[in-house]
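Printed here is structure-v9.pdb (PDB, C-alpha atoms):
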ATOM      1  CA  MET J   1      63.413 111.896 162.508  1.00  0.00           C
ATOM      2  CA  ASN J   2      62.473 114.545 165.061  1.00  0.00           C
ATOM      3  CA  MET J   3      65.255 117.162 165.479  1.00  0.00           C
ATOM      4  CA  ARG J   4      65.708 116.640 169.210  1.00  0.00           C
ATOM      5  CA  LEU J   5      65.716 112.851 168.809  1.00  0.00           C
ATOM      6  CA  ARG J   6      68.275 113.171 166.015  1.00  0.00           C
ATOM      7  CA  SER J   7      70.534 115.264 168.263  1.00  0.00           C
ATOM      8  CA  TYR J   8      70.252 112.734 171.097  1.00  0.00           C
ATOM      9  CA  PHE J   9      71.037 109.889 168.697  1.00  0.00           C
ATOM     10  CA  TYR J  10      74.263 111.582 167.560  1.00  0.00           C
ATOM     11  CA  VAL J  11      75.305 112.269 171.149  1.00  0.00           C
ATOM     12  CA  ALA J  12      74.477 108.733 172.309  1.00  0.00           C
ATOM     13  CA  MET J  13      76.499 107.206 169.460  1.00  0.00           C
ATOM     14  CA  GLN J  14      79.400 109.561 170.171  1.00  0.00           C
ATOM     15  CA  LEU J  15      79.453 108.794 173.893  1.00  0.00           C
ATOM     16  CA  ALA J  16      79.092 105.043 173.323  1.00  0.00           C
ATOM     17  CA  ALA J  17      82.036 104.995 170.904  1.00  0.00           C
ATOM     18  CA  ILE J  18      84.238 107.129 173.155  1.00  0.00           C
ATOM     19  CA  GLY J  19      83.226 105.000 176.150  1.00  0.00           C
ATOM     20  CA  PHE J  20      84.155 101.804 174.327  1.00  0.00           C
ATOM     21  CA  ILE J  21      87.566 103.154 173.332  1.00  0.00           C
ATOM     22  CA  VAL J  22      88.266 104.454 176.833  1.00  0.00           C
ATOM     23  CA  CYS J  23      87.090 101.259 178.551  1.00  0.00           C
ATOM     24  CA  THR J  24      89.034  98.869 176.314  1.00  0.00           C
ATOM     25  CA  GLY J  25      92.475 100.369 176.777  1.00  0.00           C
ATOM     26  CA  PRO J  26      94.462 102.901 178.747  1.00  0.00           C
ATOM     27  CA  ILE J  27      93.323 106.506 178.589  1.00  0.00           C
ATOM     28  CA  LEU J  28      96.884 107.787 178.566  1.00  0.00           C
ATOM     29  CA  ALA J  29      99.054 106.786 175.637  1.00  0.00           C
ATOM     30  CA  SER J  30     102.262 104.889 176.382  1.00  0.00           C
ATOM     31  CA  ARG J  31     104.455 105.746 173.390  1.00  0.00           C
ATOM     32  CA  LEU J  32     106.080 109.178 173.291  1.00  0.00           C
ATOM     33  CA  TRP J  33     104.725 110.227 169.883  1.00  0.00           C
ATOM     34  CA  CYS J  34     101.236 109.148 170.996  1.00  0.00           C
ATOM     35  CA  LYS J  35     101.566 111.140 174.219  1.00  0.00           C
ATOM     36  CA  VAL J  36     102.547 114.238 172.247  1.00  0.00           C
ATOM     37  CA  VAL J  37      99.602 113.890 169.836  1.00  0.00           C
ATOM     38  CA  GLU J  38      97.202 113.106 172.686  1.00  0.00           C
ATOM     39  CA  ALA J  39      98.407 116.215 174.547  1.00  0.00           C
ATOM     40  CA  GLY J  40      97.928 118.248 171.361  1.00  0.00           C
ATOM     41  CA  GLY J  41      94.356 116.988 171.102  1.00  0.00           C
ATOM     42  CA  LEU J  42      93.694 117.903 174.720  1.00  0.00           C
ATOM     43  CA  VAL J  43      95.115 121.398 174.172  1.00  0.00           C
ATOM     44  CA  LEU J  44      93.016 121.867 171.027  1.00  0.00           C
ATOM     45  CA  GLY J  45      89.874 120.734 172.854  1.00  0.00           C
ATOM     46  CA  ALA J  46      90.548 122.965 175.864  1.00  0.00           C
ATOM     47  CA  TRP J  47      91.301 125.938 173.585  1.00  0.00           C
ATOM     48  CA  ALA J  48      88.042 125.362 171.684  1.00  0.00           C
ATOM     49  CA  VAL J  49      86.007 125.120 174.897  1.00  0.00           C
ATOM     50  CA  ALA J  50      87.656 128.238 176.345  1.00  0.00           C
ATOM     51  CA  THR J  51      87.026 130.149 173.112  1.00  0.00           C
ATOM     52  CA  MET J  52      83.420 128.961 172.843  1.00  0.00           C
ATOM     53  CA  GLY J  53      82.662 129.709 176.480  1.00  0.00           C
ATOM     54  CA  LEU J  54      80.774 127.476 178.876  1.00  0.00           C
ATOM     55  CA  ARG J  55      77.487 129.367 178.412  1.00  0.00           C
ATOM     56  CA  GLN J  56      77.366 128.332 174.733  1.00  0.00           C
ATOM     57  CA  LEU J  57      78.814 124.864 175.137  1.00  0.00           C
ATOM     58  CA  ARG J  58      76.474 122.014 174.181  1.00  0.00           C
ATOM     59  CA  VAL J  59      77.188 118.329 173.625  1.00  0.00           C
ATOM     60  CA  ALA J  60      74.175 118.138 171.315  1.00  0.00           C
ATOM     61  CA  PRO J  61      74.328 120.066 168.040  1.00  0.00           C
ATOM     62  CA  ASP J  62      71.375 122.237 169.095  1.00  0.00           C
ATOM     63  CA  MET J  63      72.336 125.821 169.907  1.00  0.00           C
ATOM     64  CA  ALA J  64      71.729 127.752 173.074  1.00  0.00           C
ATOM     65  CA  ALA J  65      69.195 130.575 172.864  1.00  0.00           C
ATOM     66  CA  GLN J  66      71.953 133.170 173.447  1.00  0.00           C
ATOM     67  CA  ALA J  67      74.357 131.493 170.981  1.00  0.00           C
ATOM     68  CA  ARG J  68      76.719 133.623 168.947  1.00  0.00           C
ATOM     69  CA  LEU J  69      78.891 132.626 166.002  1.00  0.00           C
ATOM     70  CA  VAL J  70      82.432 132.032 167.255  1.00  0.00           C
ATOM     71  CA  VAL J  71      85.126 132.682 164.634  1.00  0.00           C
ATOM     72  CA  ASN J  72      88.247 133.315 166.721  1.00  0.00           C
ATOM     73  CA  GLY J  73      90.698 130.990 168.492  1.00  0.00           C
ATOM     74  CA  PRO J  74      90.905 127.611 166.740  1.00  0.00           C
ATOM     75  CA  TYR J  75      87.634 128.468 164.963  1.00  0.00           C
ATOM     76  CA  ARG J  76      89.690 130.786 162.708  1.00  0.00           C
ATOM     77  CA  TRP J  77      90.961 127.714 160.857  1.00  0.00           C
ATOM     78  CA  ILE J  78      88.464 124.923 161.505  1.00  0.00           C
ATOM     79  CA  ARG J  79      84.750 125.004 162.186  1.00  0.00           C
ATOM     80  CA  HIS J  80      84.639 121.996 164.532  1.00  0.00           C
ATOM     81  CA  PRO J  81      87.789 121.953 166.685  1.00  0.00           C
ATOM     82  CA  MET J  82      86.105 120.034 169.509  1.00  0.00           C
ATOM     83  CA  TYR J  83      85.192 117.209 167.130  1.00  0.00           C
ATOM     84  CA  ALA J  84      88.730 117.322 165.718  1.00  0.00           C
ATOM     85  CA  ALA J  85      90.140 117.039 169.248  1.00  0.00           C
ATOM     86  CA  VAL J  86      87.907 114.050 170.066  1.00  0.00           C
ATOM     87  CA  LEU J  87      88.900 112.296 166.841  1.00  0.00           C
ATOM     88  CA  LEU J  88      92.587 113.023 167.355  1.00  0.00           C
ATOM     89  CA  ILE J  89      92.670 111.822 170.963  1.00  0.00           C
ATOM     90  CA  THR J  90      90.666 108.673 170.295  1.00  0.00           C
ATOM     91  CA  ALA J  91      92.662 107.846 167.143  1.00  0.00           C
ATOM     92  CA  VAL J  92      95.877 107.986 169.157  1.00  0.00           C
ATOM     93  CA  LEU J  93      94.390 105.800 171.876  1.00  0.00           C
ATOM     94  CA  VAL J  94      93.359 103.234 169.253  1.00  0.00           C
ATOM     95  CA  ALA J  95      96.771 103.357 167.548  1.00  0.00           C
ATOM     96  CA  ASP J  96      98.629 103.048 170.842  1.00  0.00           C
ATOM     97  CA  ASN J  97      96.656  99.966 171.956  1.00  0.00           C
ATOM     98  CA  PHE J  98      95.403  98.613 168.637  1.00  0.00           C
ATOM     99  CA  THR J  99      92.653  96.044 168.161  1.00  0.00           C
ATOM    100  CA  TRP J 100      90.387  95.642 165.162  1.00  0.00           C
ATOM    101  CA  TRP J 101      87.323  96.255 167.343  1.00  0.00           C
ATOM    102  CA  ARG J 102      88.725  99.520 168.584  1.00  0.00           C
ATOM    103  CA  LEU J 103      89.461 100.610 165.012  1.00  0.00           C
ATOM    104  CA  ILE J 104      85.931  99.696 163.895  1.00  0.00           C
ATOM    105  CA  VAL J 105      84.441 101.657 166.787  1.00  0.00           C
ATOM    106  CA  TRP J 106      86.703 104.632 165.963  1.00  0.00           C
ATOM    107  CA  LEU J 107      85.465 104.526 162.351  1.00  0.00           C
ATOM    108  CA  VAL J 108      81.869 104.510 163.652  1.00  0.00           C
ATOM    109  CA  LEU J 109      82.782 107.549 165.785  1.00  0.00           C
ATOM    110  CA  LEU J 110      84.263 109.272 162.730  1.00  0.00           C
ATOM    111  CA  LEU J 111      81.151 108.639 160.620  1.00  0.00           C
ATOM    112  CA  ASN J 112      78.887 109.725 163.475  1.00  0.00           C
ATOM    113  CA  LEU J 113      80.791 112.976 164.008  1.00  0.00           C
ATOM    114  CA  LEU J 114      80.785 113.712 160.277  1.00  0.00           C
ATOM    115  CA  ALA J 115      76.995 113.238 160.213  1.00  0.00           C
ATOM    116  CA  LYS J 116      76.634 115.302 163.395  1.00  0.00           C
ATOM    117  CA  LEU J 117      78.702 118.194 162.053  1.00  0.00           C
ATOM    118  CA  HIS J 118      76.773 118.120 158.770  1.00  0.00           C
ATOM    119  CA  TYR J 119      73.524 118.383 160.739  1.00  0.00           C
ATOM    120  CA  GLU J 120      74.978 121.100 162.980  1.00  0.00           C
ATOM    121  CA  GLU J 121      76.089 123.111 159.956  1.00  0.00           C
ATOM    122  CA  LYS J 122      72.530 123.084 158.603  1.00  0.00           C
ATOM    123  CA  LEU J 123      71.352 124.515 161.916  1.00  0.00           C
ATOM    124  CA  LEU J 124      74.111 127.152 161.900  1.00  0.00           C
ATOM    125  CA  LEU J 125      73.289 128.172 158.318  1.00  0.00           C
ATOM    126  CA  GLY J 126      69.673 128.715 159.364  1.00  0.00           C
ATOM    127  CA  ARG J 127      70.628 130.744 162.423  1.00  0.00           C
ATOM    128  CA  PHE J 128      73.593 132.889 161.344  1.00  0.00           C
ATOM    129  CA  PRO J 129      73.575 134.769 158.008  1.00  0.00           C
ATOM    130  CA  ASP J 130      77.400 135.129 158.174  1.00  0.00           C
ATOM    131  CA  TYR J 131      77.901 131.359 158.406  1.00  0.00           C
ATOM    132  CA  THR J 132      78.066 130.938 154.615  1.00  0.00           C
ATOM    133  CA  THR J 133      81.022 133.339 154.384  1.00  0.00           C
ATOM    134  CA  TYR J 134      82.677 131.716 157.394  1.00  0.00           C
ATOM    135  CA  ARG J 135      82.337 128.260 155.770  1.00  0.00           C
ATOM    136  CA  GLN J 136      84.040 129.507 152.624  1.00  0.00           C
ATOM    137  CA  ARG J 137      87.177 130.579 154.459  1.00  0.00           C
ATOM    138  CA  THR J 138      87.551 127.668 156.918  1.00  0.00           C
ATOM    139  CA  LYS J 139      87.806 123.880 156.839  1.00  0.00           C
ATOM    140  CA  GLN J 140      85.663 121.479 158.838  1.00  0.00           C
ATOM    141  CA  LEU J 141      88.211 119.472 160.838  1.00  0.00           C
ATOM    142  CA  ILE J 142      91.777 119.762 159.493  1.00  0.00           C
ATOM    143  CA  PRO J 143      93.234 123.231 158.808  1.00  0.00           C
ATOM    144  CA  PHE J 144      93.910 123.900 155.117  1.00  0.00           C
ATOM    145  CA  VAL J 145      92.878 120.307 154.191  1.00  0.00           C
ATOM    146  CA  PHE J 146      89.328 119.210 155.157  1.00  0.00           C
TER     147      PHE J 146
END
As structure tokens, what does this structure read like?
Amino acid sequence: MNMRLRSYFYVAMQLAAIGFIVCTGPILASRLWCKVVEAGGLVLGAWAVATMGLRQLRVAPDMAAQARLVVNGPYRWIRHPMYAAVLLITAVLVADNFTWWRLIVWLVLLLNLLAKLHYEEKLLLGRFPDYTTYRQRTKQLIPFVF
């Protein structure tokens, strides 16, 4: 599959899954523990975006021409904090207003983001010589675990 088409496919699947979850239940959790986790996901996502900077930010895994390797902020511990934030927020929304369809769609989102980050890491390895060392000292989505 063409690289650009592949990127658009990942983004379309991601947005469709998030859209389904958001449109089939409330976007703010109702239970206290869910609100706390949802807020944590929002903070993680905002911190990642602020650290990355808007000039480098892309929804697609393709990098901007002026891209630099970001290894500070939440990127010190995980390589894909924005994906982690999306998964955390949507998982809480599914748990707070559970249906089997919402869980299935969340699992599709998870698989899509895992494929997308795998593809993105190939691009990063080709672009940044230091990425191999960075990968060895960080986890993909969950600090110290995965």
Residues matched by the PyMOL selection byres ((chain J and resi 84) around 10) as a CSV table (one decimal) with C-alpha atoms, in the coordinates of the input:
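The result, stored in out_13.csv:
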chain,number,residue,atom,x,y,z
J,41,GLY,CA,94.4,117.0,171.1
J,44,LEU,CA,93.0,121.9,171.0
J,45,GLY,CA,89.9,120.7,172.9
J,78,ILE,CA,88.5,124.9,161.5
J,79,ARG,CA,84.8,125.0,162.2
J,80,HIS,CA,84.6,122.0,164.5
J,81,PRO,CA,87.8,122.0,166.7
J,82,MET,CA,86.1,120.0,169.5
J,83,TYR,CA,85.2,117.2,167.1
J,85,ALA,CA,90.1,117.0,169.2
J,86,VAL,CA,87.9,114.0,170.1
J,87,LEU,CA,88.9,112.3,166.8
J,88,LEU,CA,92.6,113.0,167.4
J,89,ILE,CA,92.7,111.8,171.0
J,90,THR,CA,90.7,108.7,170.3
J,110,LEU,CA,84.3,109.3,162.7
J,113,LEU,CA,80.8,113.0,164.0
J,140,GLN,CA,85.7,121.5,158.8
J,141,LEU,CA,88.2,119.5,160.8
J,142,ILE,CA,91.8,119.8,159.5
Could you please determine the separation between atom CA of Val36 of chain J and atom CA of Val94 of chain J in Å, to one decimal place?
->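 Atom CA of Val94 of chain J lies at a distance of 14.6 Å from atom CA of Val36 of chain J.
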Quick one: what's the axis-aligned box for segment 65-72 of chain J, all listed atoms, 8 Å on every side, centre and edges in Å to one decimal, as AutoDock Vina command-line options?
--center_x 78.7 --center_y 132.1 --center_z 169.0 --size_x 35.1 --size_y 19.0 --size_z 24.8
Selection: 10 Å around Gln56 of chain J, all atoms listed in the file, excl. self and same-chain fewer than 3 positions, as a PyMOL selection string = chain J and resi 49+51-53+63-70
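Omitting Thr138 of chain J and its sequence neighbours fewer than 4 positions away, and counting only C-alpha atoms, the residues within 12 Å are Val71, Asn72, Pro74, Tyr75, Arg76, Trp77, Ile78, Arg79, His80, Pro81, Tyr131, Thr132, Thr133, Tyr134, Ile142, Pro143, Phe144, Val145 and Phe146 of chain J.
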Using all atoms listed in the file, which of the listed residues (J:Ala95, J:Val43, J:Ala60, J:Val108) sits closest to Leu5 of chain J?
-> J:Ala60
Residues in the PyMOL selection byres ((chain J and resi 107) around 12), expressed as an MDAnalysis selection string = chainID J and resid 13:14 17:18 21 87 90:91 94 100:106 108:114
Residues at most 10 Å from Arg6 of chain J, counting all atoms listed in the file, excluding those fewer than 3 positions away in the same chain, as a compact mmCIF listing (two decimals) with C-alpha atoms, in the coordinates of the input?
# COMPACT_ATOMS: atom_id res chain seq x y z
CA MET J 1 63.41 111.90 162.51
CA ASN J 2 62.47 114.54 165.06
CA MET J 3 65.26 117.16 165.48
CA PHE J 9 71.04 109.89 168.70
CA TYR J 10 74.26 111.58 167.56
CA VAL J 11 75.31 112.27 171.15
CA ALA J 12 74.48 108.73 172.31
CA ALA J 60 74.18 118.14 171.32
CA PRO J 61 74.33 120.07 168.04
CA LYS J 116 76.63 115.30 163.40
CA TYR J 119 73.52 118.38 160.74
Just say which residues the PyMOL selection byres ((chain J and resi 24) around 10) picks in this file, as a VMD selection string.
-> chain J and resid 19 to 23 25 to 27 93 to 94 97 to 99 101 to 102
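For the choices J:Ala115, J:Val92, J:Ala16, J:Leu123, the atom-to-atom distance to Ala39 of chain J is smallest for J:Val92 when using all atoms listed in the file.
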What is the atom CA of Ser7 of chain J to atom CA of Leu125 of chain J distance in Å?
->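 For atom CA of Ser7 of chain J relative to atom CA of Leu125 of chain J, the distance reads 16.5 Å.
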Record the distance separating atom CA of Tyr8 of chain J and atom CA of Leu117 of chain J, expressed in Å with one decimal.
->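 Here the two named atoms are 13.5 Å from each other.
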